[in-house]
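Shown next: protein-v6.cif, given as mmCIF, C-alpha atoms.
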```cif
data_target
loop_
_atom_site.label_atom_id
_atom_site.label_comp_id
_atom_site.auth_asym_id
_atom_site.auth_seq_id
_atom_site.Cartn_x
_atom_site.Cartn_y
_atom_site.Cartn_z
CA MET A 1 70.65 -13.80 41.33
CA LYS A 2 72.68 -14.90 44.30
CA LEU A 3 73.66 -17.85 42.08
CA ASN A 4 75.58 -15.36 39.91
CA ASN A 5 73.21 -15.68 37.01
CA VAL A 6 70.23 -14.03 35.38
CA ALA A 7 66.98 -14.85 37.17
CA ILE A 8 63.37 -14.27 36.13
CA ARG A 9 60.74 -14.32 38.88
CA TYR A 10 57.10 -14.43 37.91
CA TYR A 11 53.76 -15.52 39.31
CA GLU A 12 52.36 -18.81 38.05
CA ASP A 13 49.04 -17.07 37.36
CA TYR A 14 50.75 -14.85 34.77
CA ALA A 15 52.55 -17.66 32.91
CA GLU A 16 50.11 -17.65 30.00
CA ILE A 17 50.24 -13.86 29.61
CA ASN A 18 54.03 -14.01 29.59
CA ARG A 19 54.25 -17.13 27.42
CA LYS A 20 55.98 -15.48 24.43
CA PHE A 21 58.44 -13.64 26.64
CA LEU A 22 59.31 -16.74 28.68
CA ARG A 23 59.80 -18.80 25.54
CA ALA A 24 62.15 -16.17 24.08
CA ALA A 25 64.04 -15.86 27.37
CA ARG A 26 64.90 -19.56 27.32
CA ASP A 27 66.96 -18.98 24.18
CA VAL A 28 69.12 -16.31 25.81
CA GLU A 29 72.71 -17.09 26.78
CA PRO A 30 73.35 -17.61 29.62
CA THR A 31 70.01 -19.31 30.14
CA PRO A 32 68.10 -17.53 32.92
CA ILE A 33 67.02 -19.22 36.13
CA PHE A 34 63.22 -19.25 36.23
CA VAL A 35 61.66 -18.78 39.66
CA VAL A 36 57.93 -19.48 39.64
CA LEU A 37 55.82 -18.07 42.47
CA SER A 38 52.42 -19.40 43.40
CA THR A 39 49.85 -18.91 46.13
CA ASP A 40 51.26 -22.03 47.79
CA THR A 41 54.79 -20.60 48.08
CA PRO A 42 55.56 -20.42 51.84
CA PHE A 43 56.47 -16.77 52.39
CA THR A 44 56.28 -15.51 55.97
CA PRO A 45 55.02 -11.92 56.28
CA HIS A 46 56.53 -9.50 58.77
CA THR A 47 54.34 -9.51 61.89
CA ARG A 48 54.00 -5.75 61.78
CA CYS A 49 52.75 -5.92 58.20
CA ILE A 50 49.88 -8.20 59.22
CA SER A 51 48.63 -5.84 61.92
CA GLN A 52 49.61 -2.61 60.18
CA THR A 53 47.34 -3.20 57.18
CA GLN A 54 44.32 -3.15 59.46
CA THR A 55 45.69 -0.25 61.50
CA LEU A 56 46.37 1.95 58.49
CA SER A 57 42.90 1.27 57.17
CA GLY A 58 41.42 2.44 60.44
CA GLN A 59 43.70 5.46 60.71
CA THR A 60 43.04 6.86 57.27
CA SER A 61 39.40 5.99 56.69
CA SER A 62 38.05 8.81 58.85
CA GLY A 63 38.88 11.39 56.19
CA GLN A 64 40.60 13.57 58.78
CA THR A 65 43.36 15.71 57.39
CA SER A 66 45.98 17.85 59.00
CA SER A 67 46.35 20.84 56.69
CA GLY A 68 44.44 22.97 59.17
CA GLN A 69 46.78 21.94 61.96
CA ALA A 70 49.85 23.16 60.09
CA SER A 71 49.15 26.77 61.00
CA SER A 72 49.00 26.01 64.71
CA GLY A 73 51.86 27.59 66.63
CA SER A 74 51.78 24.79 69.21
CA ILE A 75 53.09 22.18 66.76
CA ILE A 76 56.83 21.51 66.91
CA LYS A 77 57.75 20.26 63.47
CA ARG A 78 60.48 17.65 63.16
CA THR A 79 60.13 15.48 60.10
CA LEU A 80 62.05 12.19 60.15
CA ASN A 81 62.80 10.09 57.09
CA GLY A 82 61.14 6.68 57.15
CA ASP A 83 58.01 8.17 58.71
CA GLY A 84 54.76 8.19 56.77
CA ILE A 85 53.05 10.59 54.42
CA TYR A 86 49.31 10.78 53.89
CA ASN A 87 47.66 11.82 50.62
CA GLU A 88 44.56 13.84 51.49
CA ALA A 89 43.00 13.15 48.08
CA ASP A 90 42.64 9.38 48.41
CA ALA A 91 43.67 8.61 52.02
CA SER A 92 46.64 6.55 50.81
CA VAL A 93 49.90 6.33 52.73
CA CYS A 94 53.55 6.04 51.77
CA SER A 95 56.87 6.88 53.44
CA LEU A 96 59.50 9.61 53.30
CA GLY A 97 62.89 8.90 51.77
CA PHE A 98 65.17 11.88 52.23
CA TRP A 99 65.60 15.65 52.02
CA ALA A 100 67.04 17.00 48.75
CA ARG A 101 67.76 20.27 46.98
CA ASP A 102 67.92 21.34 43.36
CA ASN A 103 71.53 20.86 42.28
CA GLU A 104 71.68 24.32 40.69
CA ASN A 105 69.48 26.29 43.07
CA GLU A 106 69.74 25.35 46.74
CA ILE A 107 66.71 27.51 47.55
CA LEU A 108 64.52 24.79 46.01
CA ASN A 109 63.96 22.11 48.66
CA TYR A 110 62.09 18.81 48.44
CA LEU A 111 61.22 15.63 50.28
CA VAL A 112 61.73 12.55 48.11
CA THR A 113 59.25 9.66 48.08
CA ALA A 114 58.00 7.03 45.61
CA GLY A 115 56.38 8.26 42.40
CA HIS A 116 53.43 5.89 42.63
CA CYS A 117 52.36 7.67 45.84
CA PHE A 118 50.90 10.25 43.46
CA ASN A 119 47.44 9.21 42.24
CA ASP A 120 47.16 9.85 38.50
CA SER A 121 43.38 9.49 38.62
CA VAL A 122 42.95 12.43 41.01
CA SER A 123 43.53 16.12 40.27
CA ALA A 124 47.02 17.22 41.28
CA SER A 125 45.60 20.27 43.08
CA LEU A 126 43.74 17.99 45.50
CA GLN A 127 46.77 15.91 46.39
CA LYS A 128 48.19 17.50 49.51
CA PHE A 129 50.60 15.44 51.57
CA ASP A 130 50.69 15.39 55.36
CA TYR A 131 53.28 14.09 57.81
CA PHE A 132 52.27 10.77 59.41
CA PRO A 133 54.73 9.61 62.12
CA TRP A 134 54.90 5.97 63.17
CA GLU A 135 53.49 6.50 66.62
CA LEU A 136 50.46 8.65 65.78
CA GLN A 137 46.97 7.46 64.94
CA ARG A 138 46.36 10.03 62.20
CA PRO A 139 48.29 12.56 60.08
CA TYR A 140 50.02 15.35 61.98
CA TYR A 141 50.79 18.41 59.84
CA PHE A 142 50.90 19.55 56.22
CA LEU A 143 54.12 19.00 54.26
CA GLY A 144 53.45 20.13 50.70
CA GLU A 145 52.31 19.20 47.21
CA MET A 146 53.95 17.01 44.58
CA VAL A 147 56.03 18.73 41.94
CA GLU A 148 55.06 18.42 38.29
CA SER A 149 58.19 16.88 36.77
CA ASP A 150 59.64 16.04 33.39
CA TYR A 151 61.12 12.70 34.41
CA ASN A 152 59.13 9.57 33.64
CA ILE A 153 57.75 8.06 36.85
CA SER A 154 56.88 4.88 34.95
CA THR A 155 60.64 4.42 34.48
CA TYR A 156 61.98 6.06 37.63
CA ASP A 157 59.58 5.59 40.50
CA PHE A 158 60.28 8.66 42.59
CA ALA A 159 58.55 11.98 43.22
CA LEU A 160 59.23 15.24 45.01
CA ILE A 161 57.15 16.98 47.66
CA ASN A 162 57.86 20.70 47.39
CA ILE A 163 58.79 22.29 50.73
CA THR A 164 60.52 25.35 49.23
CA GLY A 165 60.20 28.45 51.41
CA ARG A 166 58.61 26.55 54.27
CA ASP A 167 60.06 24.97 57.38
CA VAL A 168 58.49 21.56 57.95
CA GLY A 169 61.24 20.42 60.30
CA GLN A 170 63.05 18.47 57.59
CA THR A 171 66.05 16.52 58.87
CA THR A 172 68.92 14.25 57.83
CA ILE A 173 67.67 11.64 60.31
CA ILE A 174 66.05 8.26 59.66
CA ARG A 175 63.58 7.03 62.26
CA ASN A 176 64.49 3.83 64.11
CA THR A 177 62.55 4.25 67.34
CA ASP A 178 61.96 0.51 67.77
CA SER A 179 65.62 0.31 68.81
CA GLU A 180 66.45 0.80 72.47
CA LYS A 181 69.84 2.40 71.78
CA TYR A 182 69.85 3.76 68.21
CA LYS A 183 66.50 5.49 67.83
CA GLU A 184 67.76 7.94 65.21
CA LEU A 185 70.08 7.11 62.31
CA ILE A 186 72.18 9.96 60.95
CA ILE A 187 72.62 10.21 57.17
CA GLU A 188 76.28 11.17 56.73
CA GLY A 189 76.95 9.91 53.23
CA SER A 190 75.78 7.77 50.36
CA ASN A 191 76.49 4.34 48.92
CA ILE A 192 76.69 2.83 45.46
CA ILE A 193 75.82 -0.84 45.89
CA THR A 194 77.96 -3.08 43.68
CA SER A 195 78.02 -6.41 45.53
CA TYR A 196 75.52 -9.24 45.76
CA GLY A 197 74.91 -10.28 49.35
CA ALA A 198 75.65 -6.81 50.76
CA HIS A 199 73.66 -5.81 53.84
CA PHE A 200 70.77 -3.53 52.88
CA CYS A 201 68.11 -1.86 55.06
CA LYS A 202 65.07 0.37 54.77
CA SER A 203 62.86 2.44 57.08
CA GLY A 204 59.14 2.78 56.35
CA LEU A 205 55.79 3.54 57.94
CA SER A 206 54.44 -0.01 58.01
CA SER A 207 57.28 -2.41 58.81
CA HIS A 208 59.65 0.22 60.27
CA VAL A 209 63.39 -0.61 60.00
CA THR A 210 64.07 -4.00 58.44
CA CYS A 211 67.16 -5.38 56.75
CA GLY A 212 68.11 -8.06 54.28
CA TYR A 213 70.75 -8.78 51.67
CA VAL A 214 71.18 -7.67 48.08
CA LYS A 215 69.76 -10.30 45.72
CA GLY A 216 69.77 -8.44 42.42
CA LEU A 217 71.59 -5.51 40.79
CA GLY A 218 70.49 -3.74 37.62
CA ALA A 219 67.14 -5.45 38.07
CA VAL A 220 64.03 -4.85 35.96
CA THR A 221 60.42 -4.97 37.17
CA ALA A 222 57.53 -5.18 34.69
CA TYR A 223 54.03 -4.11 35.76
CA LEU A 224 51.56 -5.80 33.41
CA LYS A 225 48.44 -3.89 34.38
CA GLU A 226 50.10 -0.49 34.17
CA GLY A 227 52.17 -1.37 31.12
CA GLU A 228 55.28 -0.03 32.84
CA ILE A 229 58.85 -1.28 32.99
CA ARG A 230 61.23 0.00 35.67
CA GLU A 231 64.93 -0.56 35.28
CA ASN A 232 68.23 -0.27 37.18
CA LEU A 233 66.68 -1.42 40.45
CA ILE A 234 68.15 -3.22 43.43
CA TYR A 235 66.38 -6.27 44.83
CA TYR A 236 67.03 -7.13 48.46
CA GLY A 237 65.45 -9.21 51.21
CA GLN A 238 65.52 -12.39 53.25
CA ASP A 239 64.74 -15.82 51.86
CA ASN A 240 61.04 -16.72 52.27
CA PHE A 241 60.42 -13.75 54.60
CA LYS A 242 58.68 -10.50 53.66
CA ILE A 243 60.53 -7.55 55.15
CA SER A 244 58.34 -4.81 53.64
CA CYS A 245 54.69 -4.17 52.86
CA GLU A 246 52.10 -1.61 51.79
CA GLY A 247 52.85 1.86 53.14
CA ASP A 248 56.64 1.44 53.08
CA SER A 249 57.01 2.79 49.53
CA GLY A 250 59.24 5.84 49.36
CA GLY A 251 61.00 5.08 52.64
CA SER A 252 64.74 5.50 53.14
CA ALA A 253 67.01 2.72 51.85
CA PHE A 254 70.38 2.67 53.57
CA SER A 255 73.40 0.76 54.85
CA TYR A 256 75.25 1.19 58.13
CA LEU A 257 78.63 2.93 58.09
CA ARG A 258 80.98 3.34 61.08
CA ASP A 259 78.53 2.23 63.74
CA LEU A 260 74.85 1.50 64.25
CA SER A 261 73.87 5.18 64.39
CA ILE A 262 75.59 6.41 61.21
CA VAL A 263 74.29 5.38 57.79
CA GLY A 264 74.89 5.92 54.10
CA LEU A 265 71.87 6.53 51.89
CA ASN A 266 71.28 3.93 49.17
CA GLY A 267 68.07 5.35 47.67
CA ILE A 268 64.40 4.72 48.41
CA HIS A 269 62.25 1.64 48.84
CA THR A 270 59.80 1.33 45.94
CA GLY A 271 57.94 -1.96 46.31
CA ALA A 272 58.03 -5.68 46.96
CA MET A 273 57.34 -9.03 45.34
CA GLU A 274 56.93 -11.49 48.19
CA ASP A 275 60.40 -11.95 49.77
CA PHE A 276 62.05 -9.59 47.27
CA SER A 277 61.95 -5.91 48.20
CA GLU A 278 62.79 -3.29 45.59
CA SER A 279 64.85 -0.11 45.79
CA LEU A 280 65.56 2.70 43.35
CA PRO A 281 69.24 3.66 43.72
CA LEU A 282 70.13 7.14 44.92
CA ILE A 283 72.31 7.82 41.88
CA GLU A 284 69.30 7.37 39.57
CA ILE A 285 67.16 9.75 41.62
CA LEU A 286 69.81 12.47 41.81
CA ARG A 287 70.62 12.27 38.10
CA GLU A 288 67.05 12.18 36.80
CA GLY A 289 65.73 14.72 39.30
CA GLU A 290 68.79 17.01 39.00
CA LEU A 291 69.11 16.94 42.77
CA GLU A 292 71.63 16.75 45.56
CA PHE A 293 70.72 15.09 48.82
CA VAL A 294 71.23 16.88 52.12
CA ARG A 295 73.52 15.08 54.54
CA ALA A 296 74.37 15.71 58.18
CA GLN A 297 77.04 18.36 58.76
#
```
Could you render the structure from this file as structure tokens?
Amino acid sequence: MKLNNVAIRYYEDYAEINRKFLRAARDVEPTPIFVVLSTDTPFTPHTRCISQTQTLSGQTSSGQTSSGQASSGSIIKRTLNGDGIYNEADASVCSLGFWARDNENEILNYLVTAGHCFNDSVSASLQKFDYFPWELQRPYYFLGEMVESDYNISTYDFALINITGRDVGQTTIIRNTDSEKYKELIIEGSNIITSYGAHFCKSGLSSHVTCGYVKGLGAVTAYLKEGEIRENLIYYGQDNFKISCEGDSGGSAFSYLRDLSIVGLNGIHTGAMEDFSESLPLIEILREGELEFVRAQ
């Protein structure tokens, strides 16, 4: 992609399954660049991802939930984007992307995350989502439930946590507390990414704030097991280095604006394939969800 061409990345183990597709792709003009990944490919994982996988397993396996804590008057609620969310139904974790409102009724408020954070195999009524900050060892307080939506999550991988009528301390701030100087990033605007090689960052529960460069625009990801195809994605990352991992899905994707404390929202992080991270652009989320995002005043 950075070679200004069409690229197809696939795992060597899936070559036979994709044989017909790969054969047909070789006849396309211009001929795509084929990038074959194998278990021997030397990708370096983020150090936090190595330790965080074990930590998250320990944090969420106790079955403790925080819905009961939400009614406690002693809790000061301040929900930062990039922090985690915890699904009480299956103890899975994801990350928060941004605060949004219905574009025709500003009373309707939501927190945006990745659509696959909703477990289709579990009853929707059981899937309650709790706030899970970076620094805590277990979920903190109840946020809300996922909204039943008309948009197709298999095509657009985002979902909405309904916070209408409730104050959960929602903010226009992205967490960056690993930084000594810029611990909070203010969302003042948005970006439409049009250039390969542009600087691109995300904030998520597992790997926190990491950055890379745009490697693909208008990208398509095919999920063989699920039979899903997701389009109009942005691929970003660092060569041979994994900048995201499990638990980061749904986190804020952004680029810096005037200085290192002011950012423009790009969308949300939705997944990774080795050293390629994946983002769903903000414009797709706002259009399909009929939303407007809330920015700092």
The PyMOL selection byres ((chain A and resi 161) around 8) resolved against shown file, as a PDB file with C-alpha atoms, in the frame of the given file:
```pdb
ATOM      1  CA  TYR A 110      62.090  18.810  48.440  1.00  0.00           C
ATOM      2  CA  LEU A 111      61.220  15.630  50.280  1.00  0.00           C
ATOM      3  CA  VAL A 112      61.730  12.550  48.110  1.00  0.00           C
ATOM      4  CA  THR A 113      59.250   9.660  48.080  1.00  0.00           C
ATOM      5  CA  PHE A 129      50.600  15.440  51.570  1.00  0.00           C
ATOM      6  CA  LEU A 143      54.120  19.000  54.260  1.00  0.00           C
ATOM      7  CA  GLY A 144      53.450  20.130  50.700  1.00  0.00           C
ATOM      8  CA  GLU A 145      52.310  19.200  47.210  1.00  0.00           C
ATOM      9  CA  MET A 146      53.950  17.010  44.580  1.00  0.00           C
ATOM     10  CA  VAL A 147      56.030  18.730  41.940  1.00  0.00           C
ATOM     11  CA  ALA A 159      58.550  11.980  43.220  1.00  0.00           C
ATOM     12  CA  LEU A 160      59.230  15.240  45.010  1.00  0.00           C
ATOM     13  CA  ASN A 162      57.860  20.700  47.390  1.00  0.00           C
ATOM     14  CA  ILE A 163      58.790  22.290  50.730  1.00  0.00           C
TER      15      ILE A 163
END
```
To verify the selection step, state as a ChimeraX atom specification which residues the PyMOL selection byres ((chain A and resi 288) around 12) yields on this input. /A:102-103,149-153,155-160,280-287,289-292
Those residues you just picked out, can you put them in a file as a short mmCIF file (atom, residue, chain, number, x, y, z; two decimals), keeping the file's coordinate frame with C-alpha atoms?
```cif
data_model
loop_
_atom_site.label_atom_id
_atom_site.label_comp_id
_atom_site.auth_asym_id
_atom_site.auth_seq_id
_atom_site.Cartn_x
_atom_site.Cartn_y
_atom_site.Cartn_z
CA ASP A 102 67.92 21.34 43.36
CA ASN A 103 71.53 20.86 42.28
CA SER A 149 58.19 16.88 36.77
CA ASP A 150 59.64 16.04 33.39
CA TYR A 151 61.12 12.70 34.41
CA ASN A 152 59.13 9.57 33.64
CA ILE A 153 57.75 8.06 36.85
CA THR A 155 60.64 4.42 34.48
CA TYR A 156 61.98 6.06 37.63
CA ASP A 157 59.58 5.59 40.50
CA PHE A 158 60.28 8.66 42.59
CA ALA A 159 58.55 11.98 43.22
CA LEU A 160 59.23 15.24 45.01
CA LEU A 280 65.56 2.70 43.35
CA PRO A 281 69.24 3.66 43.72
CA LEU A 282 70.13 7.14 44.92
CA ILE A 283 72.31 7.82 41.88
CA GLU A 284 69.30 7.37 39.57
CA ILE A 285 67.16 9.75 41.62
CA LEU A 286 69.81 12.47 41.81
CA ARG A 287 70.62 12.27 38.10
CA GLY A 289 65.73 14.72 39.30
CA GLU A 290 68.79 17.01 39.00
CA LEU A 291 69.11 16.94 42.77
CA GLU A 292 71.63 16.75 45.56
#
```
Name the residues that the PyMOL selection byres ((chain A and resi 120-126) around 9) picks from the file above, as a PyMOL selection string, using the file's chain letters and numbers. chain A and resi 87-90+116+118-119+127-128+145-146+148
Nearest to Pro139 in chain A among A:Ser92, A:Thr171, A:Thr164, A:Asn240, with distances taken over all atoms listed in the file: which residue is it? A:Ser92
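Nearest residue to Thr44 in chain A among A:Asp239, A:Glu135, A:Glu106, A:Glu188 is A:Asp239, counting all atoms listed in the file.
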Using all atoms listed in the file, the best pick from A:Ile262, A:Leu217, A:Ala198, A:Ile268 as closest to Ser249 in chain A would be A:Ile268
Between CA of Asp167 in chain A and CA of Phe142 in chain A, measure the distance and give it in Å to one decimal.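 Spanning CA of Asp167 in chain A to CA of Phe142 in chain A is a straight-line distance of 10.7 Å.
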Selection as a VMD selection string: residues within 9 Å of (62.2, -14.9, 53.2), counting all atoms listed in the file: chain A and resid 42 to 45 237 to 243 274 to 276
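Shortest atom-to-atom contact with Thr194 in chain A among A:Ser279, A:Tyr182, A:His208, A:Gly218: A:Gly218, counting only C-alpha atoms.
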Check the smallest atom-to-atom distance from each of A:Gly267, A:Gly115, A:Gly82, A:Gly97 to Arg230 in chain A using all atoms listed in the file, then report the winner.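 The shortest atom-to-atom distance to Arg230 in chain A comes from A:Gly115.
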I need the residue nearest Gly247 in chain A from this list: A:Arg48, A:Arg166, A:Arg101, A:Lys181. Use only C-alpha atoms for the distance.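 Counting only C-alpha atoms, the residue closest to Gly247 in chain A is A:Arg48.
Picture a line from CA of Ile85 in chain A to CA of Thr270 in chain A; it runs 14.3 Å.
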Please list as a PyMOL selection string every residue within 7 Å of Val168 in chain A, counting only C-alpha atoms and excluding residues in the same chain fewer than 3 positions away. chain A and resi 77-79+143
Please, what is the axis-aligned box for every listed atom of range 276-288 of chain A with 5 Å on each side, as centre and edge lengths in Å to one decimal, as AutoDock Vina command-line options?
```
--center_x 67.1 --center_y 1.4 --center_z 42.5 --size_x 20.4 --size_y 32.1 --size_z 21.4
```
Output: range 120-143 of chain A of the preceding structure, restricted to N, CA and C atoms, written as an mmCIF file, in the first residue's frame.
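Saved to part-v4.cif:
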```cif
data_model
loop_
_atom_site.group_PDB
_atom_site.id
_atom_site.type_symbol
_atom_site.label_atom_id
_atom_site.label_comp_id
_atom_site.auth_asym_id
_atom_site.auth_seq_id
_atom_site.Cartn_x
_atom_site.Cartn_y
_atom_site.Cartn_z
ATOM 1 N N ASP A 120 -22.985 -11.883 20.110
ATOM 2 C CA ASP A 120 -24.233 -12.325 19.483
ATOM 3 C C ASP A 120 -24.785 -13.617 20.077
ATOM 4 N N SER A 121 -23.935 -14.372 20.763
ATOM 5 C CA SER A 121 -24.382 -15.658 21.303
ATOM 6 C C SER A 121 -24.997 -15.530 22.695
ATOM 7 N N VAL A 122 -25.026 -14.318 23.229
ATOM 8 C CA VAL A 122 -25.561 -14.084 24.573
ATOM 9 C C VAL A 122 -26.746 -13.128 24.470
ATOM 10 N N SER A 123 -27.757 -13.340 25.282
ATOM 11 C CA SER A 123 -28.934 -12.480 25.277
ATOM 12 C C SER A 123 -28.544 -11.017 25.477
ATOM 13 N N ALA A 124 -29.149 -10.142 24.685
ATOM 14 C CA ALA A 124 -28.836 -8.716 24.770
ATOM 15 C C ALA A 124 -29.139 -8.157 26.154
ATOM 16 N N SER A 125 -30.171 -8.674 26.812
ATOM 17 C CA SER A 125 -30.562 -8.158 28.123
ATOM 18 C C SER A 125 -29.516 -8.434 29.194
ATOM 19 N N LEU A 126 -28.642 -9.406 28.951
ATOM 20 C CA LEU A 126 -27.599 -9.746 29.922
ATOM 21 C C LEU A 126 -26.321 -8.944 29.702
ATOM 22 N N GLN A 127 -26.231 -8.278 28.564
ATOM 23 C CA GLN A 127 -24.985 -7.601 28.216
ATOM 24 C C GLN A 127 -24.996 -6.152 28.702
ATOM 25 N N LYS A 128 -24.534 -6.008 29.927
ATOM 26 C CA LYS A 128 -24.409 -4.691 30.549
ATOM 27 C C LYS A 128 -22.929 -4.318 30.556
ATOM 28 N N PHE A 129 -22.646 -3.077 30.219
ATOM 29 C CA PHE A 129 -21.259 -2.655 30.044
ATOM 30 C C PHE A 129 -20.837 -1.703 31.152
ATOM 31 N N ASP A 130 -19.688 -2.023 31.747
ATOM 32 C CA ASP A 130 -19.138 -1.255 32.858
ATOM 33 C C ASP A 130 -17.867 -0.525 32.436
ATOM 34 N N TYR A 131 -17.587 0.549 33.132
ATOM 35 C CA TYR A 131 -16.383 1.348 32.879
ATOM 36 C C TYR A 131 -15.176 0.675 33.520
ATOM 37 N N PHE A 132 -14.085 0.547 32.763
ATOM 38 C CA PHE A 132 -12.896 -0.187 33.200
ATOM 39 C C PHE A 132 -11.649 0.656 32.900
ATOM 40 N N PRO A 133 -11.291 1.593 33.784
ATOM 41 C CA PRO A 133 -10.128 2.458 33.542
ATOM 42 C C PRO A 133 -8.818 1.679 33.505
ATOM 43 N N TRP A 134 -7.829 2.257 32.862
ATOM 44 C CA TRP A 134 -6.518 1.621 32.723
ATOM 45 C C TRP A 134 -5.946 1.166 34.059
ATOM 46 N N GLU A 135 -6.045 2.050 35.058
ATOM 47 C CA GLU A 135 -5.264 1.827 36.272
ATOM 48 C C GLU A 135 -5.950 0.930 37.296
ATOM 49 N N LEU A 136 -7.194 0.550 37.061
ATOM 50 C CA LEU A 136 -7.906 -0.266 38.039
ATOM 51 C C LEU A 136 -7.765 -1.749 37.743
ATOM 52 N N GLN A 137 -7.993 -2.555 38.763
ATOM 53 C CA GLN A 137 -7.850 -4.003 38.637
ATOM 54 C C GLN A 137 -9.160 -4.705 38.305
ATOM 55 N N ARG A 138 -10.260 -3.961 38.316
ATOM 56 C CA ARG A 138 -11.549 -4.538 37.948
ATOM 57 C C ARG A 138 -12.478 -3.407 37.508
ATOM 58 N N PRO A 139 -13.616 -3.727 36.894
ATOM 59 C CA PRO A 139 -14.546 -2.692 36.438
ATOM 60 C C PRO A 139 -14.985 -1.770 37.574
ATOM 61 N N TYR A 140 -15.332 -0.539 37.214
ATOM 62 C CA TYR A 140 -15.577 0.508 38.200
ATOM 63 C C TYR A 140 -17.066 0.794 38.394
ATOM 64 N N TYR A 141 -17.756 1.258 37.349
ATOM 65 C CA TYR A 141 -19.179 1.549 37.484
ATOM 66 C C TYR A 141 -19.917 1.264 36.173
ATOM 67 N N PHE A 142 -21.226 1.144 36.292
ATOM 68 C CA PHE A 142 -22.081 0.779 35.160
ATOM 69 C C PHE A 142 -22.217 1.942 34.181
ATOM 70 N N LEU A 143 -22.099 1.625 32.873
ATOM 71 C CA LEU A 143 -22.267 2.638 31.835
ATOM 72 C C LEU A 143 -23.636 2.543 31.165
#
```
